[in-house]
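Trainee: This is the structure, below, for whatever I ask next.
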Amino acid sequence: MSWGEEGHAERYRSRVFAERARLSGELADLAGRQTAVLADMVEFNRDTEFGRRHGFGSIRTLEDLRAAVPVQDYAAHAPYIERTAAGEEGVLTADAPVVYFTSSGSTGAHKKIPVTRRFMRTVFFPFYYAAWAPLIGAFPELTGRADAVLNLKHDPLSAPPTTADGRPHVGASQVDFGTAFGEPLAAELGTAAPWAALPVDVAPDDHLEKTYLRLRLAVQSDVRGLIGINPAMFAALPYQLRLWWPRIVKEIRDGTLGGVPYGAPDAALAARLESLDEVSPARVWPRVRALFGWTTGVASLYLPALRRTFGTDVVALPAPVAASEGPVAVPLDRHPTAGSIVPSACVYEFADADEDLGPGTETLLPQAVEEGRDYHVVFSHVGGLYRYAVGDVVRVVDRVGGVPRLMYAGRAGRSDAAGERLREAQVVRAVREALTGAGVELRNVSCRVEEAGAGAAETTPRHGGGLSRYESARDRPAHEGPSTGGSSPGAPPRYVFAVAPETPWPPGAPARFATLLDAGLGRESPGYAKARREARLGAPGVRLLHPDSFRYEWQERVAAGVRPTQVKDRLFRPDESQWRRLTAASDALRGEGT
């Protein structure tokens, strides 16, 4: 069964809505479902090395689990995972992994997340199917044609990399769930489109060319919705269309794809596309209805403006709060940001986000978390992750039937130069407040601590990764104005925010934004407010970049070989090379006069 086959769409919708109904029903007995998940997990894996070492045979309650297993991150699980990936059996789980999901860790190294059949059946597939219900319930036409959806994250591999035990080590979006797990209905919307399996040869690691080829083909279809999950992929698309437009139009006119003959030349369509008054998703695909991806975190700052480039009536629906390691919450209705805990997937624990997580950190049950507060997420599941600190912070938005509804708030890492202990979620909220107060919009933002005496770093424009073959000057906006200046010698360190404006900021707006941002950071973080009062931190600065700076840098990283799904927004950029790469992108665009 696959998209385009008779009856597939009906079977798919039936499965999706059935899983949503089942998960919704579970909310009425959160405590009971959590107890059942714990019992199944320890019983199934009691005879593994990890289970014997931690006394799974004696665990009956969450208190028993807390006493037996410390809170652990990936590094603590890694020795067990590496042995499993080398072919050793019965280390973490009773059943062997079928694949390993890849995930970028905080160090940039690729994690290996073991994925077993039991995990997929009891943890993954129920939330995965249910997650699509709000999208296809609101926009059923997305299931009507194979090419109705442009799935930006779909990237199948014919020869995936493997671990030492011969199992694929790939992104979740690169797994054929039908072949690997006997779930052909799990194939996502857009995965049978003409561009899903590219009809021309392209190197597996040439992600930029693959992206171009898919856009070239999608331009000829009546796309109604886009799936990205990672919102940075949505943000890159308007820039890519403008960048590659002359090449796309020429190939449509010539009947080529990547320079190779493909299909019939279409001079009429090429002429119509060339005559567009603006190259934007809204003009190219005027009947787009929805975007499906993460809508919170840094993305919440730029999505309102970005969404308009896809169409004034386009809706952005949230993807699940989840990581490669497992699910946290899934939207079961049209809430714009949040989803409900998945009671039958994992044993969930939470810890105050203002505290540092450690092996003995005290945790709360889902029933005990408070609305309007941020928490670290810790979960355990039958797939071999036990009291796993996933590294994400969530915010409790409200409750449905007494069960907390959560939104992703940011990564758990901090920026701490002078005792301010700033978290991503706090900075995002402060930036949003400052944008509203200053009456301005942005395309993206990053920040770093600038030490005393440092100014706006000079950078050298560069075009890494072969970008020049894709570049076009058409429709590029003019660059935006000045920085608020550098630190004076002897002054305390301060935060500098690199901002790509959506539209030109009026005179005085950067200073107004910086003042409001300073106040907002103080309200969000007592440590920041104290550091400012004691002059251990200076007032924040603002550096306005070229509007396309973040999109150019995103393009550079993909051109260098990073998969698009893994090039994500970075709010904190403590590494100077990352900061210079971003500001170099701005300088390069300015140098081209674009």
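Letters A, B, ... go to the chains of the structure tokens in the order shown; residues in each chain start at 1; ligands are counted from 1 in the same order.
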Write down as a PyMOL selection string the residues of segment 289-467 of chain A whose backbone DSSP state falls under strand (DSSP E).
Mentor: chain A and resi 290-293+315-318+321-323+326-330+339-341+347-352+374-381+385-400+403-411+414-415+422-423+442-450
Trainee: Per DSSP on the backbone, filter segment 214-290 of chain A down to the residues in helix (DSSP H, G or I) and report them as an mmCIF file with N, CA, C and O atoms, in the first residue's frame.
Mentor:
data_model
loop_
_atom_site.group_PDB
_atom_site.id
_atom_site.type_symbol
_atom_site.label_atom_id
_atom_site.label_comp_id
_atom_site.auth_asym_id
_atom_site.auth_seq_id
_atom_site.Cartn_x
_atom_site.Cartn_y
_atom_site.Cartn_z
ATOM 1 N N ARG A 214 14.248 18.848 -5.898
ATOM 2 C CA ARG A 214 12.880 18.664 -5.398
ATOM 3 C C ARG A 214 12.051 19.929 -5.586
ATOM 4 O O ARG A 214 10.873 19.861 -5.941
ATOM 5 N N LEU A 215 12.655 21.085 -5.352
ATOM 6 C CA LEU A 215 11.920 22.327 -5.593
ATOM 7 C C LEU A 215 11.619 22.497 -7.076
ATOM 8 O O LEU A 215 10.520 22.933 -7.449
ATOM 9 N N ARG A 216 12.572 22.170 -7.923
ATOM 10 C CA ARG A 216 12.365 22.284 -9.370
ATOM 11 C C ARG A 216 11.140 21.465 -9.798
ATOM 12 O O ARG A 216 10.315 21.924 -10.591
ATOM 13 N N LEU A 217 10.984 20.262 -9.259
ATOM 14 C CA LEU A 217 9.843 19.423 -9.608
ATOM 15 C C LEU A 217 8.562 19.917 -8.936
ATOM 16 O O LEU A 217 7.489 19.922 -9.550
ATOM 17 N N ALA A 218 8.665 20.347 -7.678
ATOM 18 C CA ALA A 218 7.473 20.769 -6.939
ATOM 19 C C ALA A 218 6.849 22.026 -7.521
ATOM 20 O O ALA A 218 5.636 22.232 -7.404
ATOM 21 N N PRO A 231 11.475 24.057 11.625
ATOM 22 C CA PRO A 231 10.964 25.266 10.957
ATOM 23 C C PRO A 231 12.028 26.030 10.179
ATOM 24 O O PRO A 231 11.693 26.836 9.316
ATOM 25 N N ALA A 232 13.304 25.787 10.476
ATOM 26 C CA ALA A 232 14.353 26.447 9.697
ATOM 27 C C ALA A 232 14.276 26.053 8.226
ATOM 28 O O ALA A 232 14.719 26.803 7.351
ATOM 29 N N MET A 233 13.709 24.883 7.952
ATOM 30 C CA MET A 233 13.544 24.461 6.558
ATOM 31 C C MET A 233 12.479 25.288 5.862
ATOM 32 O O MET A 233 12.600 25.616 4.678
ATOM 33 N N PHE A 234 11.407 25.652 6.567
ATOM 34 C CA PHE A 234 10.420 26.576 6.009
ATOM 35 C C PHE A 234 11.061 27.930 5.735
ATOM 36 O O PHE A 234 10.817 28.560 4.710
ATOM 37 N N ALA A 235 11.870 28.394 6.701
ATOM 38 C CA ALA A 235 12.485 29.716 6.577
ATOM 39 C C ALA A 235 13.434 29.787 5.390
ATOM 40 O O ALA A 235 13.569 30.837 4.751
ATOM 41 N N ALA A 236 14.090 28.671 5.081
ATOM 42 C CA ALA A 236 15.048 28.664 3.978
ATOM 43 C C ALA A 236 14.360 28.690 2.618
ATOM 44 O O ALA A 236 14.932 29.172 1.634
ATOM 45 N N LEU A 237 13.142 28.196 2.534
ATOM 46 C CA LEU A 237 12.515 27.975 1.232
ATOM 47 C C LEU A 237 12.278 29.252 0.421
ATOM 48 O O LEU A 237 12.580 29.280 -0.781
ATOM 49 N N PRO A 238 11.743 30.346 1.002
ATOM 50 C CA PRO A 238 11.580 31.561 0.183
ATOM 51 C C PRO A 238 12.906 32.057 -0.392
ATOM 52 O O PRO A 238 12.959 32.512 -1.543
ATOM 53 N N TYR A 239 13.966 31.962 0.404
ATOM 54 C CA TYR A 239 15.291 32.372 -0.064
ATOM 55 C C TYR A 239 15.761 31.470 -1.205
ATOM 56 O O TYR A 239 16.301 31.940 -2.222
ATOM 57 N N GLN A 240 15.529 30.161 -1.051
ATOM 58 C CA GLN A 240 15.960 29.229 -2.088
ATOM 59 C C GLN A 240 15.223 29.468 -3.402
ATOM 60 O O GLN A 240 15.831 29.407 -4.480
ATOM 61 N N LEU A 241 13.933 29.729 -3.320
ATOM 62 C CA LEU A 241 13.188 30.006 -4.551
ATOM 63 C C LEU A 241 13.771 31.214 -5.271
ATOM 64 O O LEU A 241 13.971 31.188 -6.499
ATOM 65 N N ARG A 242 14.030 32.278 -4.540
ATOM 66 C CA ARG A 242 14.595 33.480 -5.177
ATOM 67 C C ARG A 242 15.984 33.197 -5.732
ATOM 68 O O ARG A 242 16.348 33.632 -6.825
ATOM 69 N N LEU A 243 16.774 32.454 -4.975
ATOM 70 C CA LEU A 243 18.154 32.169 -5.353
ATOM 71 C C LEU A 243 18.221 31.338 -6.634
ATOM 72 O O LEU A 243 19.044 31.584 -7.523
ATOM 73 N N TRP A 244 17.348 30.366 -6.732
ATOM 74 C CA TRP A 244 17.417 29.401 -7.831
ATOM 75 C C TRP A 244 16.400 29.676 -8.939
ATOM 76 O O TRP A 244 16.297 28.882 -9.888
ATOM 77 N N TRP A 245 15.658 30.757 -8.847
ATOM 78 C CA TRP A 245 14.561 30.965 -9.774
ATOM 79 C C TRP A 245 14.971 30.944 -11.245
ATOM 80 O O TRP A 245 14.328 30.260 -12.061
ATOM 81 N N PRO A 246 16.017 31.643 -11.656
ATOM 82 C CA PRO A 246 16.381 31.591 -13.076
ATOM 83 C C PRO A 246 16.691 30.173 -13.555
ATOM 84 O O PRO A 246 16.314 29.779 -14.663
ATOM 85 N N ARG A 247 17.356 29.393 -12.703
ATOM 86 C CA ARG A 247 17.687 28.019 -13.083
ATOM 87 C C ARG A 247 16.421 27.165 -13.173
ATOM 88 O O ARG A 247 16.269 26.357 -14.103
ATOM 89 N N ILE A 248 15.501 27.339 -12.220
ATOM 90 C CA ILE A 248 14.251 26.572 -12.240
ATOM 91 C C ILE A 248 13.453 26.867 -13.506
ATOM 92 O O ILE A 248 12.996 25.954 -14.209
ATOM 93 N N VAL A 249 13.282 28.142 -13.802
ATOM 94 C CA VAL A 249 12.484 28.532 -14.970
ATOM 95 C C VAL A 249 13.123 28.013 -16.254
ATOM 96 O O VAL A 249 12.441 27.500 -17.155
ATOM 97 N N LYS A 250 14.429 28.124 -16.344
ATOM 98 C CA LYS A 250 15.123 27.652 -17.548
ATOM 99 C C LYS A 250 14.939 26.146 -17.731
ATOM 100 O O LYS A 250 14.703 25.673 -18.850
ATOM 101 N N GLU A 251 15.036 25.402 -16.637
ATOM 102 C CA GLU A 251 14.904 23.953 -16.751
ATOM 103 C C GLU A 251 13.481 23.541 -17.125
ATOM 104 O O GLU A 251 13.282 22.567 -17.858
ATOM 105 N N ILE A 252 12.491 24.266 -16.629
ATOM 106 C CA ILE A 252 11.114 23.977 -17.030
ATOM 107 C C ILE A 252 10.928 24.273 -18.515
ATOM 108 O O ILE A 252 10.316 23.501 -19.257
ATOM 109 N N ARG A 253 11.492 25.386 -18.962
ATOM 110 C CA ARG A 253 11.386 25.743 -20.378
ATOM 111 C C ARG A 253 12.086 24.712 -21.265
ATOM 112 O O ARG A 253 11.587 24.339 -22.332
ATOM 113 N N ASP A 254 13.245 24.218 -20.793
ATOM 114 C CA ASP A 254 14.041 23.305 -21.608
ATOM 115 C C ASP A 254 13.613 21.842 -21.455
ATOM 116 O O ASP A 254 14.041 20.987 -22.254
ATOM 117 N N ALA A 267 7.189 25.682 -22.245
ATOM 118 C CA ALA A 267 7.456 27.108 -22.429
ATOM 119 C C ALA A 267 6.348 27.970 -21.835
ATOM 120 O O ALA A 267 6.618 29.060 -21.312
ATOM 121 N N ALA A 268 5.108 27.488 -21.910
ATOM 122 C CA ALA A 268 3.990 28.283 -21.389
ATOM 123 C C ALA A 268 4.098 28.450 -19.881
ATOM 124 O O ALA A 268 3.925 29.550 -19.343
ATOM 125 N N LEU A 269 4.390 27.344 -19.173
ATOM 126 C CA LEU A 269 4.536 27.446 -17.715
ATOM 127 C C LEU A 269 5.747 28.302 -17.361
ATOM 128 O O LEU A 269 5.688 29.136 -16.455
ATOM 129 N N ALA A 270 6.839 28.128 -18.082
ATOM 130 C CA ALA A 270 8.034 28.932 -17.817
ATOM 131 C C ALA A 270 7.734 30.412 -17.979
ATOM 132 O O ALA A 270 8.170 31.242 -17.165
ATOM 133 N N ALA A 271 6.982 30.777 -19.010
ATOM 134 C CA ALA A 271 6.637 32.183 -19.234
ATOM 135 C C ALA A 271 5.756 32.705 -18.105
ATOM 136 O O ALA A 271 5.930 33.842 -17.646
ATOM 137 N N ARG A 272 4.811 31.876 -17.661
ATOM 138 C CA ARG A 272 3.935 32.320 -16.563
ATOM 139 C C ARG A 272 4.738 32.522 -15.281
ATOM 140 O O ARG A 272 4.552 33.524 -14.568
ATOM 141 N N LEU A 273 5.642 31.601 -14.985
ATOM 142 C CA LEU A 273 6.454 31.721 -13.780
ATOM 143 C C LEU A 273 7.388 32.929 -13.866
ATOM 144 O O LEU A 273 7.600 33.643 -12.889
ATOM 145 N N GLU A 274 7.924 33.155 -15.059
ATOM 146 C CA GLU A 274 8.850 34.274 -15.232
ATOM 147 C C GLU A 274 8.140 35.612 -15.083
ATOM 148 O O GLU A 274 8.765 36.618 -14.744
ATOM 149 N N PRO A 281 6.727 31.672 -2.050
ATOM 150 C CA PRO A 281 5.868 30.478 -2.012
ATOM 151 C C PRO A 281 4.404 30.790 -2.307
ATOM 152 O O PRO A 281 3.724 30.009 -2.974
ATOM 153 N N ALA A 282 3.926 31.933 -1.826
ATOM 154 C CA ALA A 282 2.522 32.281 -2.049
ATOM 155 C C ALA A 282 2.204 32.475 -3.523
ATOM 156 O O ALA A 282 1.094 32.171 -3.972
ATOM 157 N N ARG A 283 3.151 32.986 -4.294
ATOM 158 C CA ARG A 283 2.926 33.191 -5.722
ATOM 159 C C ARG A 283 3.123 31.887 -6.507
ATOM 160 O O ARG A 283 2.419 31.622 -7.465
ATOM 161 N N VAL A 284 4.091 31.098 -6.085
ATOM 162 C CA VAL A 284 4.385 29.847 -6.796
ATOM 163 C C VAL A 284 3.305 28.808 -6.535
ATOM 164 O O VAL A 284 2.888 28.080 -7.450
#
Trainee: Taking only C-alpha atoms into account, name the residue in A:Gly490, A:Gly225, A:Pro504, A:Pro265 that is nearest to Leu142 of chain A.
Mentor: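 Among A:Gly490, A:Gly225, A:Pro504, A:Pro265, it is A:Gly225 that comes nearest to Leu142 of chain A.
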Trainee: Show me, as a short mmCIF file (atom, residue, chain, number, x, y, z; two decimals) with C-alpha atoms, in the first residue's frame, the residues that have an atom within 9 Å of Ala351 of chain A when counting only C-alpha atoms, minus same-chain residues fewer than 2 positions from it.
Mentor:
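Output (result.cif):
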data_model
loop_
_atom_site.label_atom_id
_atom_site.label_comp_id
_atom_site.auth_asym_id
_atom_site.auth_seq_id
_atom_site.Cartn_x
_atom_site.Cartn_y
_atom_site.Cartn_z
CA GLU A 349 9.12 12.89 35.10
CA ALA A 353 14.10 24.10 34.56
CA ASP A 354 15.89 26.65 36.74
CA GLU A 355 17.70 23.82 38.54
CA ASP A 356 20.62 21.89 37.10
CA LEU A 357 19.83 18.27 36.31
CA THR A 361 17.65 15.54 40.96
CA GLU A 362 14.22 15.40 42.55
CA THR A 363 11.51 15.01 39.95
CA LEU A 364 7.77 15.57 39.73
CA VAL A 369 3.59 20.28 37.32
CA ASP A 374 9.20 25.51 32.60
CA TYR A 375 10.51 22.00 33.25
CA HIS A 376 13.25 19.61 32.21
CA VAL A 377 11.88 16.40 30.69
CA VAL A 378 13.00 12.97 31.91
#
Trainee: For a test of reading the model, state the distance in Å between atom CA of Asp176 of chain A and atom CA of Ala192 of chain A, rounded to one decimal.
Mentor: 12.0 Å
Trainee: So that I can check the surroundings of segment 289-294 of chain A, please list as a VMD selection string every protein, DNA and RNA residue that reaches within 9 Å of it, counting only C-alpha atoms and ignoring chain neighbours fewer than 2 positions away.
Mentor: chain A and resid 135 139 223 to 231 234 286 to 287 296 to 297 299 to 300 307 310 to 311 313 to 321 337 408
Trainee: Would you save the residues of that selection, restricted to C-alpha atoms, as a PDB file, in the first residue's frame?
Mentor:
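Once everything was written out, this is again.pdb:
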ATOM      1  CA  LEU A 135      -3.576  18.460   9.952  1.00  0.00           C
ATOM      2  CA  PHE A 139      -7.249  19.949   5.462  1.00  0.00           C
ATOM      3  CA  VAL A 223       1.152  22.045  -3.640  1.00  0.00           C
ATOM      4  CA  ARG A 224      -1.403  22.510  -0.844  1.00  0.00           C
ATOM      5  CA  GLY A 225       0.694  21.896   2.261  1.00  0.00           C
ATOM      6  CA  LEU A 226       4.291  21.643   3.457  1.00  0.00           C
ATOM      7  CA  ILE A 227       5.852  19.422   6.109  1.00  0.00           C
ATOM      8  CA  GLY A 228       9.122  20.505   7.624  1.00  0.00           C
ATOM      9  CA  ILE A 229       9.085  19.675  11.349  1.00  0.00           C
ATOM     10  CA  ASN A 230      12.303  21.723  11.643  1.00  0.00           C
ATOM     11  CA  PRO A 231      10.964  25.266  10.957  1.00  0.00           C
ATOM     12  CA  PHE A 234      10.420  26.576   6.009  1.00  0.00           C
ATOM     13  CA  PRO A 286      -1.212  30.035  -4.392  1.00  0.00           C
ATOM     14  CA  ARG A 287      -3.356  27.275  -2.889  1.00  0.00           C
ATOM     15  CA  THR A 296       7.594  27.376  19.380  1.00  0.00           C
ATOM     16  CA  GLY A 297      11.086  28.245  20.576  1.00  0.00           C
ATOM     17  CA  ALA A 299      10.620  29.784  15.484  1.00  0.00           C
ATOM     18  CA  SER A 300       7.795  31.514  17.349  1.00  0.00           C
ATOM     19  CA  ARG A 307       3.821  32.369   7.335  1.00  0.00           C
ATOM     20  CA  PHE A 310       3.314  31.291   2.081  1.00  0.00           C
ATOM     21  CA  GLY A 311      -0.088  32.986   2.005  1.00  0.00           C
ATOM     22  CA  ASP A 313      -4.570  32.440   5.132  1.00  0.00           C
ATOM     23  CA  VAL A 314      -1.939  29.761   5.670  1.00  0.00           C
ATOM     24  CA  VAL A 315      -2.075  28.027   9.053  1.00  0.00           C
ATOM     25  CA  ALA A 316       0.990  26.772  10.943  1.00  0.00           C
ATOM     26  CA  LEU A 317       0.149  23.614  12.899  1.00  0.00           C
ATOM     27  CA  PRO A 318       2.514  22.275  15.557  1.00  0.00           C
ATOM     28  CA  ALA A 319       4.422  19.037  15.211  1.00  0.00           C
ATOM     29  CA  PRO A 320       4.696  16.818  18.301  1.00  0.00           C
ATOM     30  CA  VAL A 321       6.963  17.720  21.187  1.00  0.00           C
ATOM     31  CA  THR A 337       1.620  25.394  20.141  1.00  0.00           C
ATOM     32  CA  TYR A 408       8.532  22.989  23.583  1.00  0.00           C
TER      33      TYR A 408
END
Trainee: Hey, can you check how far atom CA of Pro304 of chain A sits from atom CA of Asp222 of chain A?
Mentor: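 For atom CA of Pro304 of chain A relative to atom CA of Asp222 of chain A, the distance reads 23.5 Å.
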Trainee: May I have the residues within 12 Å of Gly7 of chain A as a PyMOL selection string, using only C-alpha atoms and disregarding those fewer than 6 positions away in the same chain?
Mentor: chain A and resi 1+13-14+143-144+185
Trainee: Atom CA of Arg421 of chain A to atom CA of Tyr348 of chain A: how many Å, to one decimal?
Mentor: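 Between these atoms lies a distance of 25.5 Å.
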Trainee: Skipping near chain neighbours, those fewer than 3 positions away, what residues fall within 8 Å of segment 169-173 of chain A using only C-alpha atoms, listed as a PyMOL selection string?
Mentor: chain A and resi 99-103+112+153-156+160-163+324
Trainee: Write out as a ChimeraX atom specification each polymer residue whose atoms come within 10 Å of Ala322 of chain A, counting only C-alpha atoms; drop sequence neighbours fewer than 3 positions from it.
Mentor: /A:127-128,294,319,325-330,390,392,408
Trainee: Given only C-alpha atoms as the basis, pick out the residue of A:Gly439, A:Pro114, A:Pro184, A:Gly25 nearest to Gly383 of chain A.
Mentor: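 Comparing A:Gly439, A:Pro114, A:Pro184, A:Gly25 against Gly383 of chain A, the winner is A:Pro114.
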